[in-house]
There are 2 protein chains.
Amino acid sequence: MENVSKEKEQIIISAARKRFAHYGFSKATMDEIAVDVDMGKASLYYYFPTKESLFQAVLNEELNEFLIEMESILATDMPASSKLVELVKKRLEFFRQSLNLGSLSYHTFNDTNQLKRKFFSDLESKELALINRILSEGKSNGEFEKRIDPESGVVLLHVLQGLRIRTLKYIKSLEMNEETFNLLQSEMNIFLKIFIKGISKKNQ
Amino acid sequence: MENVSKEKEQIIISAARKRFAHYGFSKATMDEIAVDVDMGKASLYYYFPTKESLFQAVLNEELNEFLIEMESILATDMPASSKLVELVKKRLEFFRQSLNLGSLSYHTFNDTNQLKRKFFSDLESKELALINRILSEGKSNGEFEKRIDPESGVVLLHVLQGLRIRTLKYIKSLEMNEETFNLLQSEMNIFLKIFIKGISKKNQ
């Protein structure tokens, strides 16, 4: 029984992922998701009592995928600087696709809910751990200056957060369209290139 | 008559500056300001029909002072990197004192008002012009790489904006206290040090 439940849960999460990705959190409905998985509404609510709880499950799944992907990048022997570039690229994609940047933004997805706040604070500490591991690696293998400020990792994370939040603030309730996304990505790339040069040893 | 008006306006603006600086925009009242300048409420409203218009005048005055100060820094012969450090320091002070970061934040001071939006967009273009002049100077005098991305100035500005907006978002309606301000300042300093190293020539 336990396994059947897990399986059904997984089917619901997969269907919800598609709905949320296509229509955003506000527009996707539990009714449609129930139809997608060929399930009565009552059954769906048995597994996920609210749309929010289902959304939470989707986010957790996508976060795990992001973290697994990052672990496999960290395990390669590419330079630490390239790992940083990959991290920034993947996390922006994660924010765009998984958190569905536009429709969620921080208007819909405000911080009143404790669960969400916990999600974001977990995400932040996991991202910070990844960044700090890459920075340590670069210091050990001689790519980065040993004397860079110990807070460089947290500042890097806050800059990335800041650039995203700033962009979301200016586009407001509008969807994060392709153009805005590309602009944000290009800003992050320009910043990151300078940042990497700024922490690299001079003989690199 | 014209001069007397200008003089009175100036007296009101000076008094309002103190009130806004001490109590923030929301808590300062027109009544108190009228008392401060020993003027009837009707006379005060003759000069400034709303608290917002008075606030606007205060902001404009403080912005002008900031710009004059920056011009005098740009006119010195200190290295371009030190000018960048000064710019970041002065603009953060400007945001703290003049825009009274905490009590205004972006909850009170939202963007619905066209005048305010204009103010911020003017401010942004003036700041960008200052940054780009410093970057050009550094490229000309051999401090900075000539090949840095032409968008580096705008990215620098957006990072500074992003760090501030991110901090304000997290402290929410709370006042920007000394501790938060110091944290923000320290993040900006760590970032700027890396940024400057990242755009500097290697032989520097």
# chains A, B, ... in the order shown; residues from 1 in each chain; ligands from 1
call {"tool": "closest_atom_pairs", "arguments": {"of": "chain B", "to": "chain A", "cutoff": "9 Å", "atoms": "only C-alpha atoms", "output": "CSV"}}
result
residue,atom,partner,partner_atom,distance
B:Ile148,CA,A:Ile194,CA,8.4
B:Asp149,CA,A:Ile190,CA,7.1
B:Glu151,CA,A:Ile190,CA,7.6
B:Ser152,CA,A:Ile190,CA,6.9
B:Val154,CA,A:Glu187,CA,8.6
B:Val155,CA,A:Glu187,CA,5.9
B:Leu156,CA,A:Phe191,CA,7.7
B:His158,CA,A:Leu163,CA,6.6
B:Val159,CA,A:Leu163,CA,6.0
B:Leu160,CA,A:Val159,CA,8.2
B:Gln161,CA,A:Arg166,CA,7.1
B:Gly162,CA,A:Gly162,CA,3.8
B:Leu163,CA,A:Gly162,CA,4.9
B:Arg164,CA,A:Gly162,CA,7.6
B:Ile165,CA,A:Arg166,CA,6.5
B:Arg166,CA,A:Gly162,CA,5.1
B:Thr167,CA,A:Gly162,CA,8.4
B:Lys169,CA,A:Ile165,CA,8.8
B:Glu187,CA,A:Val155,CA,5.9
B:Met188,CA,A:Val155,CA,8.2
B:Ile190,CA,A:Ser152,CA,6.9
B:Phe191,CA,A:Val155,CA,6.6
B:Lys193,CA,A:Gly198,CA,8.0
B:Ile194,CA,A:Gly198,CA,4.6
B:Phe195,CA,A:Phe195,CA,5.8
B:Ile196,CA,A:Gly198,CA,7.1
B:Lys197,CA,A:Gly198,CA,4.6
B:Gly198,CA,A:Gly198,CA,3.6
B:Ile199,CA,A:Ile194,CA,6.3
B:Ser200,CA,A:Gly198,CA,8.5
B:Lys202,CA,A:Lys202,CA,6.3
B:Asn203,CA,A:Lys202,CA,8.6
call {"tool": "write_last_selection", "arguments": {"atoms": "C-alpha atoms", "output": "PDB file, in the first residue's frame"}}
result
ATOM      1  CA  ILE B 148      36.035  45.235 -20.006  1.00  0.00           C
ATOM      2  CA  ASP B 149      32.477  44.735 -21.137  1.00  0.00           C
ATOM      3  CA  GLU B 151      27.900  47.056 -19.900  1.00  0.00           C
ATOM      4  CA  SER B 152      30.134  46.795 -16.808  1.00  0.00           C
ATOM      5  CA  VAL B 154      25.302  49.319 -15.687  1.00  0.00           C
ATOM      6  CA  VAL B 155      25.921  45.911 -14.140  1.00  0.00           C
ATOM      7  CA  LEU B 156      27.820  47.545 -11.264  1.00  0.00           C
ATOM      8  CA  HIS B 158      22.374  47.050 -10.824  1.00  0.00           C
ATOM      9  CA  VAL B 159      24.383  44.979  -8.356  1.00  0.00           C
ATOM     10  CA  LEU B 160      24.437  47.891  -5.906  1.00  0.00           C
ATOM     11  CA  GLN B 161      20.699  48.420  -6.377  1.00  0.00           C
ATOM     12  CA  GLY B 162      20.087  44.703  -6.068  1.00  0.00           C
ATOM     13  CA  LEU B 163      22.002  44.364  -2.805  1.00  0.00           C
ATOM     14  CA  ARG B 164      20.065  47.269  -1.326  1.00  0.00           C
ATOM     15  CA  ILE B 165      16.657  46.082  -2.562  1.00  0.00           C
ATOM     16  CA  ARG B 166      17.394  42.558  -1.346  1.00  0.00           C
ATOM     17  CA  THR B 167      18.235  43.841   2.126  1.00  0.00           C
ATOM     18  CA  LYS B 169      12.983  43.142   1.139  1.00  0.00           C
ATOM     19  CA  GLU B 187      28.722  43.414   1.557  1.00  0.00           C
ATOM     20  CA  MET B 188      29.108  46.293  -0.860  1.00  0.00           C
ATOM     21  CA  ILE B 190      33.616  43.107  -0.264  1.00  0.00           C
ATOM     22  CA  PHE B 191      31.861  43.076  -3.632  1.00  0.00           C
ATOM     23  CA  LYS B 193      36.999  45.144  -3.850  1.00  0.00           C
ATOM     24  CA  ILE B 194      36.548  42.020  -5.981  1.00  0.00           C
ATOM     25  CA  PHE B 195      34.916  44.030  -8.779  1.00  0.00           C
ATOM     26  CA  ILE B 196      37.782  46.520  -8.910  1.00  0.00           C
ATOM     27  CA  LYS B 197      40.327  43.724  -8.958  1.00  0.00           C
ATOM     28  CA  GLY B 198      38.293  42.089 -11.721  1.00  0.00           C
ATOM     29  CA  ILE B 199      38.436  45.111 -14.024  1.00  0.00           C
ATOM     30  CA  SER B 200      41.990  46.214 -13.137  1.00  0.00           C
ATOM     31  CA  LYS B 202      47.087  42.642 -14.083  1.00  0.00           C
ATOM     32  CA  ASN B 203      50.211  44.708 -13.607  1.00  0.00           C
TER      33      ASN B 203
END
call {"tool": "residues_around", "arguments": {"residues": "Met30 of chain A", "least_positions_apart": "5", "cutoff": "9 Å", "atoms": "only C-alpha atoms", "output": "mmCIF file with N, CA, C and O atoms, in the first residue's frame"}}
result
data_model
loop_
_atom_site.group_PDB
_atom_site.id
_atom_site.type_symbol
_atom_site.label_atom_id
_atom_site.label_comp_id
_atom_site.auth_asym_id
_atom_site.auth_seq_id
_atom_site.Cartn_x
_atom_site.Cartn_y
_atom_site.Cartn_z
ATOM 1 N N ALA A 16 1.358 17.900 -11.956
ATOM 2 C CA ALA A 16 1.303 19.262 -11.425
ATOM 3 C C ALA A 16 2.473 20.098 -11.933
ATOM 4 O O ALA A 16 2.318 21.276 -12.244
ATOM 5 N N VAL A 35 -8.048 15.959 -13.402
ATOM 6 C CA VAL A 35 -8.373 15.395 -14.714
ATOM 7 C C VAL A 35 -7.120 14.817 -15.375
ATOM 8 O O VAL A 35 -7.128 13.695 -15.893
ATOM 9 N N LYS A 41 -11.548 14.387 -7.570
ATOM 10 C CA LYS A 41 -10.988 15.518 -6.841
ATOM 11 C C LYS A 41 -10.722 15.142 -5.378
ATOM 12 O O LYS A 41 -9.725 15.560 -4.788
ATOM 13 N N LEU A 44 -7.469 13.327 -5.058
ATOM 14 C CA LEU A 44 -6.348 14.265 -5.175
ATOM 15 C C LEU A 44 -6.118 14.991 -3.851
ATOM 16 O O LEU A 44 -4.983 15.088 -3.363
ATOM 17 N N TYR A 45 -7.235 15.467 -3.253
ATOM 18 C CA TYR A 45 -7.115 16.205 -1.991
ATOM 19 C C TYR A 45 -6.665 15.322 -0.834
ATOM 20 O O TYR A 45 -6.156 15.810 0.164
ATOM 21 N N THR A 50 -4.022 20.892 -0.209
ATOM 22 C CA THR A 50 -4.140 22.240 -0.778
ATOM 23 C C THR A 50 -3.255 22.332 -2.021
ATOM 24 O O THR A 50 -2.323 21.538 -2.193
ATOM 25 N N LYS A 51 -3.563 23.298 -2.849
ATOM 26 C CA LYS A 51 -2.722 23.529 -4.021
ATOM 27 C C LYS A 51 -1.318 23.912 -3.578
ATOM 28 O O LYS A 51 -0.327 23.545 -4.210
#
call {"tool": "residues_around", "arguments": {"residues": "segment 8-11 of chain B", "least_positions_apart": "2", "cutoff": "12 Å", "atoms": "only C-alpha atoms", "output": "list in words"}}
result
Met1, Glu2, Asn3, Val4, Ser5, Lys6, Ile13, Ser14, Ala15, Ala16, Arg17, Lys18, Ile33, Ala34, Asp36, Val37, Asp38, Met39, Ser43, Leu44, Tyr45, Tyr46, Tyr47, Phe48, Ser53, Leu54, Ala57, Val58 and Glu61 of chain B
call {"tool": "residues_around", "arguments": {"residues": "Lys89 of chain B", "least_positions_apart": "2", "cutoff": "12 Å", "atoms": "only C-alpha atoms", "output": "ChimeraX atom specification"}}
result
/B:66,69-70,73,82-87,91-96,160,181-182,184-189,192
call {"tool": "atom_distance", "arguments": {"atom1": "atom CA of Ala42 of chain B", "atom2": "atom CA of Lys27 of chain B"}}
result
20.2 Å
call {"tool": "residues_around", "arguments": {"residues": "segment 141-143 of chain A", "least_positions_apart": "2", "cutoff": "9 Å", "atoms": "only C-alpha atoms", "output": "list of chain:residue names"}}
result
A:Pro79, A:Ala80, A:Ser81, A:Ser136, A:Glu137, A:Gly138, A:Lys139, A:Glu145, A:Lys146, A:Ile199, A:Ser200, A:Lys201, A:Gln204
